[in-house]
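Shown next: coords-v4.cif, given as mmCIF, C-alpha atoms.
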```cif
data_work
loop_
_atom_site.label_atom_id
_atom_site.label_comp_id
_atom_site.auth_asym_id
_atom_site.auth_seq_id
_atom_site.Cartn_x
_atom_site.Cartn_y
_atom_site.Cartn_z
CA MET A 9 164.32 262.78 166.04
CA ALA A 10 161.32 263.41 168.28
CA PHE A 11 159.33 260.87 166.28
CA ALA A 12 162.04 258.21 166.69
CA ARG A 13 162.18 258.81 170.45
CA ARG A 14 158.38 258.66 170.67
CA ALA A 15 158.32 255.36 168.72
CA PHE A 16 161.02 253.92 170.97
CA LEU A 17 159.11 254.88 174.09
CA LYS A 18 155.81 253.54 172.82
CA SER A 19 157.31 250.21 171.81
CA SER A 20 159.75 249.70 174.66
CA LEU A 21 158.00 251.33 177.57
CA GLY A 22 154.39 250.82 176.59
CA ALA A 23 153.32 250.41 180.20
CA ILE A 24 154.25 254.02 180.81
CA GLY A 25 152.99 255.60 177.61
CA ALA A 26 154.99 258.18 175.73
CA ALA A 27 152.85 261.12 176.80
CA GLY A 28 154.00 260.86 180.38
CA VAL A 29 157.69 260.87 179.62
CA LEU A 30 158.33 262.99 176.55
CA GLY A 31 159.99 266.21 177.47
CA ALA A 32 160.76 265.03 181.01
CA ALA A 33 164.34 264.52 182.07
CA PRO A 34 164.80 260.78 182.61
CA LEU A 35 165.68 261.10 186.28
CA ALA A 36 162.65 263.31 186.85
CA LEU A 37 160.65 260.10 186.42
CA ALA A 38 162.74 258.39 188.99
CA PHE A 39 161.37 259.44 192.28
CA PRO A 40 157.62 258.99 192.59
CA GLU A 41 157.79 260.09 196.22
CA ARG A 42 159.41 263.46 196.65
CA ASP A 43 160.94 262.95 200.09
CA VAL A 44 161.60 259.19 200.10
CA ARG A 45 163.49 256.75 197.86
CA ARG A 46 162.75 253.10 198.45
CA LEU A 47 164.12 249.85 197.08
CA MET A 48 163.39 246.17 197.58
CA PHE A 49 165.94 243.42 197.03
CA ASP A 50 165.85 239.63 196.96
CA ASN A 51 169.38 238.21 196.94
CA LEU A 52 168.94 234.97 195.02
CA HIS A 53 172.17 233.47 196.38
CA THR A 54 171.65 234.13 200.10
CA GLY A 55 167.86 234.19 200.27
CA GLU A 56 168.00 237.55 202.07
CA GLN A 57 165.34 240.12 201.32
CA LEU A 58 165.40 243.81 202.09
CA ALA A 59 162.82 246.58 201.76
CA VAL A 60 164.41 249.88 202.66
CA ALA A 61 163.94 253.64 202.46
CA TYR A 62 167.55 254.59 201.79
CA TRP A 63 166.96 258.32 201.24
CA GLU A 64 164.59 260.48 203.27
CA ASP A 65 164.03 264.21 203.65
CA GLY A 66 166.90 265.22 201.40
CA ALA A 67 169.59 262.84 202.71
CA TYR A 68 170.81 259.29 202.48
CA VAL A 69 170.01 257.20 205.56
CA PRO A 70 173.28 255.67 206.90
CA GLN A 71 171.64 252.64 208.56
CA ALA A 72 169.71 251.88 205.37
CA LEU A 73 172.85 252.17 203.25
CA TRP A 74 174.62 249.75 205.57
CA ALA A 75 171.73 247.28 205.19
CA VAL A 76 171.98 247.58 201.39
CA ASN A 77 175.76 247.03 201.54
CA ARG A 78 175.14 243.88 203.57
CA VAL A 79 172.47 242.36 201.32
CA LEU A 80 174.48 243.13 198.15
CA ARG A 81 177.74 241.70 199.54
CA ASP A 82 179.90 239.15 197.74
CA HIS A 83 178.04 235.97 198.62
CA ARG A 84 181.10 233.83 197.87
CA THR A 85 183.47 235.56 200.31
CA ASN A 86 180.89 237.25 202.54
CA GLU A 87 182.83 240.51 202.02
CA VAL A 88 180.77 243.67 202.45
CA HIS A 89 181.61 246.77 200.43
CA ILE A 90 180.06 250.22 200.07
CA ILE A 91 177.48 250.31 197.30
CA ALA A 92 177.51 253.60 195.42
CA PRO A 93 174.45 255.65 196.36
CA GLY A 94 174.22 256.66 192.69
CA LEU A 95 173.60 253.01 191.82
CA LEU A 96 170.70 252.96 194.25
CA ASP A 97 169.35 256.13 192.66
CA LEU A 98 169.69 254.49 189.24
CA LEU A 99 167.68 251.49 190.46
CA THR A 100 165.03 253.83 191.86
CA ALA A 101 164.93 255.66 188.51
CA LEU A 102 164.63 252.34 186.71
CA SER A 103 161.75 251.27 188.93
CA GLY A 104 160.07 254.65 188.37
CA THR A 105 160.55 254.45 184.62
CA LEU A 106 159.03 250.97 184.57
CA GLN A 107 156.29 252.13 186.96
CA SER A 108 157.01 249.05 188.99
CA PRO A 109 157.75 248.94 192.71
CA ALA A 110 158.75 245.29 192.25
CA VAL A 111 161.56 243.59 194.08
CA TYR A 112 164.93 243.52 192.35
CA GLU A 113 166.14 239.95 192.17
CA VAL A 114 169.90 240.22 192.65
CA ILE A 115 172.14 237.96 190.60
CA SER A 116 175.33 239.81 191.51
CA GLY A 117 175.99 242.96 193.52
CA TYR A 118 179.42 243.67 194.95
CA ARG A 119 182.21 241.27 193.91
CA SER A 120 185.56 241.00 195.62
CA ALA A 121 188.65 241.03 193.43
CA SER A 122 189.15 237.30 194.06
CA THR A 123 185.57 236.45 193.07
CA ASN A 124 185.79 238.60 189.97
CA ALA A 125 189.09 236.97 188.94
CA MET A 126 187.58 233.51 189.42
CA LEU A 127 184.49 234.41 187.37
CA HIS A 128 186.66 236.00 184.65
CA ALA A 129 188.73 232.81 184.44
CA GLU A 130 185.47 230.89 183.85
CA SER A 131 183.96 233.35 181.36
CA ALA A 132 185.29 236.05 179.07
CA GLN A 133 181.97 237.85 179.64
CA VAL A 134 183.23 238.96 183.08
CA ALA A 135 185.35 242.11 182.79
CA THR A 136 188.68 242.14 184.60
CA GLY A 137 188.02 245.69 185.81
CA SER A 138 184.35 245.13 186.58
CA LEU A 139 182.50 247.94 188.32
CA HIS A 140 181.02 245.25 190.57
CA MET A 141 184.36 245.43 192.43
CA LYS A 142 183.72 249.11 193.22
CA GLY A 143 180.10 248.63 194.30
CA GLU A 144 179.01 250.52 191.18
CA ALA A 145 177.25 247.69 189.30
CA ILE A 146 174.49 245.15 189.81
CA ASP A 147 173.03 242.27 187.81
CA ILE A 148 169.26 242.08 188.22
CA ARG A 149 165.91 240.92 187.04
CA MET A 150 162.38 241.88 188.12
CA PRO A 151 159.42 239.57 188.57
CA GLY A 152 156.72 240.47 186.07
CA ARG A 153 159.10 242.32 183.75
CA ALA A 154 160.94 240.89 180.78
CA CYS A 155 164.66 241.55 180.86
CA SER A 156 164.25 243.31 177.51
CA GLN A 157 161.91 245.82 179.22
CA ILE A 158 164.44 246.43 181.98
CA ARG A 159 167.20 246.88 179.40
CA ASP A 160 165.12 249.32 177.35
CA ALA A 161 164.21 251.39 180.42
CA ALA A 162 167.87 251.49 181.51
CA LEU A 163 168.92 252.58 178.02
CA TYR A 164 166.32 255.33 178.12
CA LEU A 165 167.74 256.63 181.41
CA TYR A 166 171.23 256.79 179.88
CA GLN A 167 172.89 256.87 183.30
CA GLY A 168 175.60 254.24 182.89
CA GLY A 169 176.40 250.87 181.40
CA VAL A 170 173.66 248.47 180.36
CA GLY A 171 174.44 244.84 179.60
CA TYR A 172 171.70 242.53 178.36
CA TYR A 173 172.09 238.81 179.03
CA GLY A 174 168.97 237.35 177.44
CA THR A 175 169.99 233.70 177.65
CA SER A 176 171.03 234.01 181.30
CA ASP A 177 167.91 236.11 182.04
CA PHE A 178 169.39 239.21 183.68
CA VAL A 179 170.38 242.80 183.01
CA HIS A 180 173.58 244.47 184.22
CA VAL A 181 173.35 248.15 185.13
CA ASP A 182 176.13 250.35 186.43
CA VAL A 183 176.98 253.98 187.06
CA GLY A 184 180.04 254.04 184.82
CA GLN A 185 180.24 255.65 181.40
CA PRO A 186 177.09 255.13 179.30
CA ARG A 187 177.62 252.12 177.04
CA THR A 188 175.75 248.98 176.06
CA TRP A 189 176.50 245.36 175.20
CA SER A 190 174.88 241.96 174.97
CA GLY A 191 176.05 238.68 176.41
CA ALA A 192 174.75 235.15 176.73
#
```
Mind turning the file's structure into structure tokens?
Amino acid sequence: MAFARRAFLKSSLGAIGAAGVLGAAPLALAFPERDVRRLMFDNLHTGEQLAVAYWEDGAYVPQALWAVNRVLRDHRTNEVHIIAPGLLDLLTALSGTLQSPAVYEVISGYRSASTNAMLHAESAQVATGSLHMKGEAIDIRMPGRACSQIRDAALYLYQGGVGYYGTSDFVHVDVGQPRTWSGA
């Protein structure tokens, strides 16, 4: 079992190297700075960018969380919703695992019920009970990283759902039950 995990890490997360991660709890990799958690977003639909320290000195920063909620809003309805802080922690862990402070390009953050219903009517790949509607999911890509690398790092973290959309060039991550799937 240890050999299989080591092989997976070497092949999928070669930029990190297996020696640095074996034996470490996945989220222990997550936070390169002990007292600060930072994220950067580029909302591809609105053109808005955000670089924010959303957690400092042992607590979430309310103003930073509000800024994240705003940039990850439903761009179709302009509706803002609370984004789960655990999702932000997952993104920080993902960035730490990939050893990449790169900007997350946002395909879809929060989705209102009406937007989700419209997207579901257009594509069976959109779940009727999507965690996007709860602010617990995000569809992303990262400049300089293949979506397969992002998927593999998210699978390694085992912190929620991971959907790989290779043709559409994005990865879905959420803080729901751990599960995986592929789409177009």
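For the residues A:Arg159, A:Arg78, A:His140, A:Arg119, ranking by smallest atom-to-atom distance to Thr188 (chain A) using only C-alpha atoms places A:Arg159 first.
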What residues have an atom no more than 9 Å from (169.7, 239.9, 191.3) in the file's own frame, counting all atoms listed in the file, and can you write them as number ranges by chain? A: 49-53, 80, 112-117, 146-150, 178-179
Using all atoms listed in the file, the residue out of A:Thr100, A:Gln107, A:Asn77, A:Thr85 with shortest distance to Met48 (chain A) is A:Thr100
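For the pair CA of Ser176 (chain A) and CA of Gln133 (chain A), the separation is 11.7 Å.
For the atom pair formed by CA of Leu95 (chain A) and CA of Ala67 (chain A), the distance is 15.2 Å, given to one decimal.
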Residues within 8 Å of (180.2, 244.1, 201.7), counting all atoms listed in the file, listed as a PyMOL selection string: chain A and resi 77-82+86-90+118
Near Ala72 (chain A), within 8 Å and counting all atoms listed in the file, which residues show up once chain neighbours fewer than 4 positions away are dropped, as a list in words? Val60, Ala61, Tyr62 and Val76 of chain A
Which value, in Å to one decimal, gives the distance between CA of Gly168 (chain A) and CA of Pro70 (chain A)?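 Here the two named atoms are 24.2 Å from each other.
Closest approach to Tyr164 (chain A) among A:Lys142, A:His128, A:Arg187, A:Arg46 is made by A:Arg187 (distances from all atoms listed in the file).
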With a distance cut-off of 10 Å and only C-alpha atoms, select the neighbouring residues of region 97-99 of chain A, excluding the residue or stretch itself and same-chain residues fewer than 3 positions from it, and output the selection as a JSON list (two decimals) with C-alpha atoms, keeping the file's coordinate frame.
```json
[["chain", "number", "residue", "atom", "x", "y", "z"],
["A", 35, "LEU", "CA", 165.68, 261.10, 186.28],
["A", 38, "ALA", "CA", 162.74, 258.39, 188.99],
["A", 39, "PHE", "CA", 161.37, 259.44, 192.28],
["A", 45, "ARG", "CA", 163.49, 256.75, 197.86],
["A", 46, "ARG", "CA", 162.75, 253.10, 198.45],
["A", 47, "LEU", "CA", 164.12, 249.85, 197.08],
["A", 48, "MET", "CA", 163.39, 246.17, 197.58],
["A", 62, "TYR", "CA", 167.55, 254.59, 201.79],
["A", 63, "TRP", "CA", 166.96, 258.32, 201.24],
["A", 92, "ALA", "CA", 177.51, 253.60, 195.42],
["A", 93, "PRO", "CA", 174.45, 255.65, 196.36],
["A", 94, "GLY", "CA", 174.22, 256.66, 192.69],
["A", 102, "LEU", "CA", 164.63, 252.34, 186.71],
["A", 103, "SER", "CA", 161.75, 251.27, 188.93],
["A", 104, "GLY", "CA", 160.07, 254.65, 188.37],
["A", 105, "THR", "CA", 160.55, 254.45, 184.62],
["A", 112, "TYR", "CA", 164.93, 243.52, 192.35],
["A", 146, "ILE", "CA", 174.49, 245.15, 189.81],
["A", 148, "ILE", "CA", 169.26, 242.08, 188.22],
["A", 162, "ALA", "CA", 167.87, 251.49, 181.51],
["A", 165, "LEU", "CA", 167.74, 256.63, 181.41],
["A", 166, "TYR", "CA", 171.23, 256.79, 179.88],
["A", 167, "GLN", "CA", 172.89, 256.87, 183.30],
["A", 168, "GLY", "CA", 175.60, 254.24, 182.89],
["A", 181, "VAL", "CA", 173.35, 248.15, 185.13],
["A", 182, "ASP", "CA", 176.13, 250.35, 186.43],
["A", 183, "VAL", "CA", 176.98, 253.98, 187.06]]
```
Measuring atom to atom with all atoms listed in the file, identify which of A:Glu64, A:Asp177, A:Glu56, A:Glu130 is nearest to Ala154 (chain A).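 Closest to Ala154 (chain A), using all atoms listed in the file: A:Asp177.
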Could you tell me which of A:Leu139, A:Ala192, A:Leu96, A:Met126 comes closest to Tyr172 (chain A) if we count only C-alpha atoms? A:Ala192
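Once Asp65 (chain A) and its same-chain neighbours fewer than 5 positions away are set aside, Arg42, Asp43 and Val44 of chain A remain within 9 Å of it when counting all atoms listed in the file.
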Hey, can I get the axis-aligned box for region 90-109 of chain A? All listed atoms, 8 Å padding on each side, centre and edge lengths in Å to one decimal, as lines of an AutoDock Vina configuration file.
```
center_x = 168.2
center_y = 252.8
center_z = 192.3
size_x = 39.8
size_y = 23.7
size_z = 31.5
```
So which one's closest to Val134 (chain A), A:Gly191, A:Ser108, A:Gln185, A:Ile91? Using all atoms listed in the file, please.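 Of A:Gly191, A:Ser108, A:Gln185, A:Ile91, the one nearest Val134 (chain A) is A:Gly191, counting all atoms listed in the file.
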